[in-house]
>>> print(open('protein16.cif').read())   # mmCIF, C-alpha atoms; chains and numbers go by the auth columns
data_query
#
loop_
_atom_site.group_PDB
_atom_site.id
_atom_site.type_symbol
_atom_site.label_atom_id
_atom_site.label_comp_id
_atom_site.label_asym_id
_atom_site.label_seq_id
_atom_site.Cartn_x
_atom_site.Cartn_y
_atom_site.Cartn_z
_atom_site.B_iso_or_equiv
_atom_site.auth_seq_id
_atom_site.auth_asym_id
ATOM 1 C CA MET A 1 -18.996 94.822 -59.760 0.00 1 A
ATOM 2 C CA LEU A 2 -17.349 91.461 -59.260 0.00 2 A
ATOM 3 C CA ASP A 3 -14.009 90.498 -60.773 0.00 3 A
ATOM 4 C CA GLU A 4 -13.642 87.515 -63.125 0.00 4 A
ATOM 5 C CA ILE A 5 -12.138 85.205 -60.473 0.00 5 A
ATOM 6 C CA THR A 6 -15.001 85.862 -58.076 0.00 6 A
ATOM 7 C CA ILE A 7 -17.535 85.292 -60.861 0.00 7 A
ATOM 8 C CA GLN A 8 -15.850 81.998 -61.777 0.00 8 A
ATOM 9 C CA ASN A 9 -15.899 80.888 -58.122 0.00 9 A
ATOM 10 C CA LEU A 10 -19.599 81.757 -57.891 0.00 10 A
ATOM 11 C CA LYS A 11 -20.310 79.764 -61.071 0.00 11 A
ATOM 12 C CA GLU A 12 -18.563 76.747 -59.584 0.00 12 A
ATOM 13 C CA LYS A 13 -20.549 77.071 -56.367 0.00 13 A
ATOM 14 C CA HIS A 14 -23.995 77.896 -57.778 0.00 14 A
ATOM 15 C CA GLY A 15 -23.921 76.638 -61.369 0.00 15 A
ATOM 16 C CA SER A 16 -25.151 79.096 -63.946 0.00 16 A
ATOM 17 C CA LEU A 17 -25.449 82.714 -62.866 0.00 17 A
ATOM 18 C CA LEU A 18 -27.912 85.358 -63.923 0.00 18 A
ATOM 19 C CA LYS A 19 -26.399 88.719 -64.833 0.00 19 A
ATOM 20 C CA ILE A 20 -28.988 91.442 -64.455 0.00 20 A
ATOM 21 C CA THR A 21 -28.267 95.018 -65.553 0.00 21 A
ATOM 22 C CA SER A 22 -30.361 98.112 -64.979 0.00 22 A
ATOM 23 C CA ASP A 23 -31.930 99.898 -67.941 0.00 23 A
ATOM 24 C CA ASP A 24 -29.419 102.727 -67.662 0.00 24 A
ATOM 25 C CA GLN A 25 -26.526 100.195 -67.537 0.00 25 A
ATOM 26 C CA LEU A 26 -25.254 101.695 -64.252 0.00 26 A
ATOM 27 C CA VAL A 27 -26.083 98.760 -61.976 0.00 27 A
ATOM 28 C CA THR A 28 -25.180 95.132 -62.632 0.00 28 A
ATOM 29 C CA VAL A 29 -25.860 92.298 -60.205 0.00 29 A
ATOM 30 C CA TYR A 30 -25.239 88.575 -60.267 0.00 30 A
ATOM 31 C CA CYS A 31 -27.897 86.216 -59.008 0.00 31 A
ATOM 32 C CA LYS A 32 -28.181 82.464 -58.668 0.00 32 A
ATOM 33 C CA LYS A 33 -31.237 80.704 -60.009 0.00 33 A
ATOM 34 C CA PRO A 34 -33.745 80.130 -57.222 0.00 34 A
ATOM 35 C CA SER A 35 -34.051 76.697 -55.709 0.00 35 A
ATOM 36 C CA PHE A 36 -37.380 74.928 -55.816 0.00 36 A
ATOM 37 C CA ASN A 37 -37.818 75.626 -52.104 0.00 37 A
ATOM 38 C CA THR A 38 -37.174 79.352 -52.626 0.00 38 A
ATOM 39 C CA PHE A 39 -39.715 79.385 -55.437 0.00 39 A
ATOM 40 C CA LEU A 40 -42.329 77.711 -53.213 0.00 40 A
ATOM 41 C CA ASN A 41 -41.726 80.349 -50.545 0.00 41 A
ATOM 42 C CA TYR A 42 -42.066 83.017 -53.228 0.00 42 A
ATOM 43 C CA GLN A 43 -45.435 81.534 -54.209 0.00 43 A
ATOM 44 C CA ASN A 44 -46.682 81.505 -50.619 0.00 44 A
ATOM 45 C CA ILE A 45 -45.779 85.179 -50.197 0.00 45 A
ATOM 46 C CA TYR A 46 -47.176 86.042 -53.647 0.00 46 A
ATOM 47 C CA LYS A 47 -50.701 85.062 -52.605 0.00 47 A
ATOM 48 C CA ASP A 48 -50.819 87.804 -49.982 0.00 48 A
ATOM 49 C CA ASN A 49 -48.397 90.378 -51.351 0.00 49 A
ATOM 50 C CA PRO A 50 -47.012 90.115 -54.915 0.00 50 A
ATOM 51 C CA HIS A 51 -44.770 93.154 -54.404 0.00 51 A
ATOM 52 C CA GLU A 52 -43.144 91.627 -51.317 0.00 52 A
ATOM 53 C CA ALA A 53 -42.851 88.229 -53.039 0.00 53 A
ATOM 54 C CA ILE A 54 -40.849 89.655 -55.942 0.00 54 A
ATOM 55 C CA LEU A 55 -38.547 91.499 -53.520 0.00 55 A
ATOM 56 C CA PHE A 56 -38.126 88.263 -51.552 0.00 56 A
ATOM 57 C CA LEU A 57 -37.189 86.323 -54.692 0.00 57 A
ATOM 58 C CA PHE A 58 -34.631 88.936 -55.712 0.00 58 A
ATOM 59 C CA LYS A 59 -33.030 89.055 -52.252 0.00 59 A
ATOM 60 C CA GLU A 60 -32.872 85.243 -52.024 0.00 60 A
ATOM 61 C CA CYS A 61 -31.146 84.956 -55.400 0.00 61 A
ATOM 62 C CA LEU A 62 -28.818 87.934 -55.024 0.00 62 A
ATOM 63 C CA LEU A 63 -25.170 86.978 -54.552 0.00 63 A
ATOM 64 C CA GLU A 64 -23.843 90.431 -53.608 0.00 64 A
ATOM 65 C CA LYS A 65 -25.573 91.666 -50.469 0.00 65 A
ATOM 66 C CA GLU A 66 -25.779 95.389 -51.166 0.00 66 A
ATOM 67 C CA ASN A 67 -28.628 97.869 -51.052 0.00 67 A
ATOM 68 C CA TYR A 68 -30.527 98.539 -54.249 0.00 68 A
ATOM 69 C CA ASN A 69 -33.557 100.705 -54.908 0.00 69 A
ATOM 70 C CA ASP A 70 -36.982 99.073 -54.919 0.00 70 A
ATOM 71 C CA GLU A 71 -37.588 99.729 -58.607 0.00 71 A
ATOM 72 C CA PHE A 72 -34.399 97.867 -59.600 0.00 72 A
ATOM 73 C CA MET A 73 -35.146 95.004 -57.196 0.00 73 A
ATOM 74 C CA LEU A 74 -38.708 94.628 -58.525 0.00 74 A
ATOM 75 C CA SER A 75 -37.529 94.732 -62.120 0.00 75 A
ATOM 76 C CA SER A 76 -34.796 92.180 -61.377 0.00 76 A
ATOM 77 C CA GLY A 77 -37.220 89.939 -59.480 0.00 77 A
ATOM 78 C CA ASN A 78 -39.595 90.002 -62.435 0.00 78 A
ATOM 79 C CA SER A 79 -36.669 89.129 -64.705 0.00 79 A
ATOM 80 C CA ILE A 80 -35.894 86.108 -62.531 0.00 80 A
ATOM 81 C CA VAL A 81 -39.525 84.956 -62.781 0.00 81 A
ATOM 82 C CA GLU A 82 -39.364 85.334 -66.580 0.00 82 A
ATOM 83 C CA ILE A 83 -36.151 83.296 -66.687 0.00 83 A
ATOM 84 C CA ILE A 84 -37.833 80.548 -64.645 0.00 84 A
ATOM 85 C CA LYS A 85 -40.678 80.481 -67.151 0.00 85 A
ATOM 86 C CA LYS A 86 -38.198 80.159 -70.021 0.00 86 A
ATOM 87 C CA ASP A 87 -36.362 77.313 -68.246 0.00 87 A
ATOM 88 C CA SER A 88 -39.460 75.208 -68.541 0.00 88 A
ATOM 89 C CA GLU A 89 -40.710 73.813 -71.809 0.00 89 A
ATOM 90 C CA PHE A 90 -44.037 73.553 -70.071 0.00 90 A
ATOM 91 C CA ILE A 91 -46.251 76.604 -70.087 0.00 91 A
ATOM 92 C CA ILE A 92 -46.333 77.670 -66.471 0.00 92 A
ATOM 93 C CA ASP A 93 -47.963 80.402 -64.546 0.00 93 A
ATOM 94 C CA ALA A 94 -45.709 82.482 -62.297 0.00 94 A
ATOM 95 C CA THR A 95 -47.956 81.339 -59.457 0.00 95 A
ATOM 96 C CA PRO A 96 -48.992 77.753 -60.199 0.00 96 A
ATOM 97 C CA GLN A 97 -50.913 75.839 -57.601 0.00 97 A
ATOM 98 C CA LYS A 98 -48.808 74.568 -54.735 0.00 98 A
ATOM 99 C CA ASP A 99 -50.321 71.114 -55.241 0.00 99 A
ATOM 100 C CA GLU A 100 -48.954 70.937 -58.800 0.00 100 A
ATOM 101 C CA PHE A 101 -45.455 71.624 -57.532 0.00 101 A
ATOM 102 C CA LYS A 102 -45.762 69.026 -54.786 0.00 102 A
ATOM 103 C CA LYS A 103 -46.885 66.384 -57.289 0.00 103 A
ATOM 104 C CA SER A 104 -43.999 67.313 -59.570 0.00 104 A
ATOM 105 C CA ALA A 105 -41.556 67.180 -56.666 0.00 105 A
ATOM 106 C CA ALA A 106 -42.834 63.745 -55.658 0.00 106 A
ATOM 107 C CA LEU A 107 -42.439 62.470 -59.220 0.00 107 A
ATOM 108 C CA ILE A 108 -38.848 63.760 -59.398 0.00 108 A
ATOM 109 C CA ARG A 109 -37.990 62.315 -55.980 0.00 109 A
ATOM 110 C CA TYR A 110 -39.417 58.923 -56.981 0.00 110 A
ATOM 111 C CA ALA A 111 -37.764 58.789 -60.400 0.00 111 A
ATOM 112 C CA PHE A 112 -34.312 60.133 -59.531 0.00 112 A
ATOM 113 C CA HIS A 113 -33.947 59.761 -55.747 0.00 113 A
ATOM 114 C CA VAL A 114 -32.953 63.412 -55.249 0.00 114 A
ATOM 115 C CA ASN A 115 -34.349 66.144 -53.036 0.00 115 A
ATOM 116 C CA PRO A 116 -36.224 68.340 -55.532 0.00 116 A
ATOM 117 C CA TYR A 117 -36.520 71.184 -53.024 0.00 117 A
ATOM 118 C CA GLN A 118 -32.764 71.816 -53.234 0.00 118 A
ATOM 119 C CA LEU A 119 -32.616 71.891 -57.046 0.00 119 A
ATOM 120 C CA PRO A 120 -32.331 75.110 -59.044 0.00 120 A
ATOM 121 C CA MET A 121 -35.519 75.728 -61.004 0.00 121 A
ATOM 122 C CA ASP A 122 -33.948 75.019 -64.401 0.00 122 A
ATOM 123 C CA GLU A 123 -32.671 71.650 -63.163 0.00 123 A
ATOM 124 C CA PHE A 124 -36.065 70.971 -61.533 0.00 124 A
ATOM 125 C CA TYR A 125 -37.836 71.419 -64.877 0.00 125 A
ATOM 126 C CA LYS A 126 -35.285 69.309 -66.758 0.00 126 A
ATOM 127 C CA LEU A 127 -35.765 66.453 -64.294 0.00 127 A
ATOM 128 C CA LEU A 128 -39.543 66.903 -64.354 0.00 128 A
ATOM 129 C CA GLU A 129 -39.549 66.612 -68.133 0.00 129 A
ATOM 130 C CA GLU A 130 -37.419 63.465 -67.945 0.00 130 A
ATOM 131 C CA ALA A 131 -39.582 61.981 -65.174 0.00 131 A
ATOM 132 C CA LEU A 132 -42.720 62.585 -67.224 0.00 132 A
ATOM 133 C CA TRP A 133 -41.065 60.943 -70.239 0.00 133 A
ATOM 134 C CA LEU A 134 -40.070 57.934 -68.098 0.00 134 A
ATOM 135 C CA GLN A 135 -43.581 57.699 -66.718 0.00 135 A
ATOM 136 C CA LYS A 136 -45.074 57.761 -70.219 0.00 136 A
ATOM 137 C CA HIS A 137 -42.508 55.206 -71.439 0.00 137 A
ATOM 138 C CA ASN A 138 -43.306 52.853 -68.533 0.00 138 A
ATOM 139 C CA GLU A 139 -47.033 53.198 -69.183 0.00 139 A
ATOM 140 C CA LYS A 140 -46.467 52.292 -72.855 0.00 140 A
ATOM 141 C CA ARG A 141 -44.416 49.240 -71.845 0.00 141 A
ATOM 142 C CA MET A 142 -47.150 48.158 -69.436 0.00 142 A
ATOM 143 C CA GLU A 143 -49.784 48.667 -72.122 0.00 143 A
ATOM 144 C CA ASN A 144 -47.781 46.557 -74.607 0.00 144 A
ATOM 145 C CA THR A 145 -47.260 43.821 -71.988 0.00 145 A
ATOM 146 C CA LEU A 146 -50.979 43.704 -71.220 0.00 146 A
ATOM 147 C CA MET A 147 -51.908 43.599 -74.916 0.00 147 A
ATOM 148 C CA THR A 148 -49.481 40.713 -75.455 0.00 148 A
ATOM 149 C CA ALA A 149 -50.831 38.874 -72.412 0.00 149 A
ATOM 150 C CA PHE A 150 -54.443 39.308 -73.552 0.00 150 A
ATOM 151 C CA ALA A 151 -53.560 38.240 -77.085 0.00 151 A
ATOM 152 C CA GLN A 152 -51.874 35.085 -75.822 0.00 152 A
ATOM 153 C CA THR A 153 -54.688 34.328 -73.385 0.00 153 A
ATOM 154 C CA PHE A 154 -57.459 34.681 -75.920 0.00 154 A
ATOM 155 C CA SER A 155 -55.615 33.030 -78.806 0.00 155 A
ATOM 156 C CA ASN A 156 -55.378 29.745 -76.883 0.00 156 A
#
>>> encode(input="protein16.cif", output="structure tokens")
Amino acid sequence: MLDEITIQNLKEKHGSLLKITSDDQLVTVYCKKPSFNTFLNYQNIYKDNPHEAILFLFKECLLEKENYNDEFMLSSGNSIVEIIKKDSEFIIDATPQKDEFKKSAALIRYAFHVNPYQLPMDEFYKLLEEALWLQKHNEKRMENTLMTAFAQTFSN
């Protein structure tokens, strides 16, 4: 188990941490939220081997490199996937199409000039929601501009 100073240092380095405890309360681990890139790799592995994909996700997010039994790692990996789902206000599948993620990443990159592949998943979804709002807002402004232009053109 990590001491408070180490936990604080990890929070500063990785942002929010996930504290995952076994059902019997004997094992507690700290994990970082997966980056977008890690989640894409998880998806690629998931297609061929869901079991291996969940283990991969757990190992990538784990901050203390120790050995844990497979059952705990699978349970923790599934918990991480559930947390990712909760981070999004959108209803997402644990294995959405790669194309959807790429479109979302492109929208975030365009709107905010950041590398979406380095973002933690919760931040990715926050920025995606904001980018979609901006896109909708800009479309409304364009629609209002066109209606005004047509009204002025045809009123003369």
>>> resolve_selection(input="protein16.cif", expression="the PyMOL selection byres ((chain A and resi 78) around 12)", output="ChimeraX atom specification")
/A:20,42,50-58,71-77,79-85,94
>>> closest_residue(input="protein16.cif", among="A:Leu127, A:Glu143, A:Lys11, A:Ser16", to="Asn115 in chain A", atoms="all atoms listed in the file")
A:Leu127
>>> resolve_selection(input="protein16.cif", expression="the PyMOL selection byres ((chain A and resi 104-109) around 12)", output="JSON, numbers by chain")
{"A": [36, 37, 40, 96, 97, 98, 99, 100, 101, 102, 103, 110, 111, 112, 113, 114, 115, 116, 117, 118, 119, 121, 123, 124, 125, 126, 127, 128, 129, 130, 131, 132, 133, 134, 135]}
>>> closest_residue(input="protein16.cif", among="A:Lys13, A:Thr145, A:Thr153, A:Leu62", to="Cys31 in chain A", atoms="all atoms listed in the file")
A:Leu62
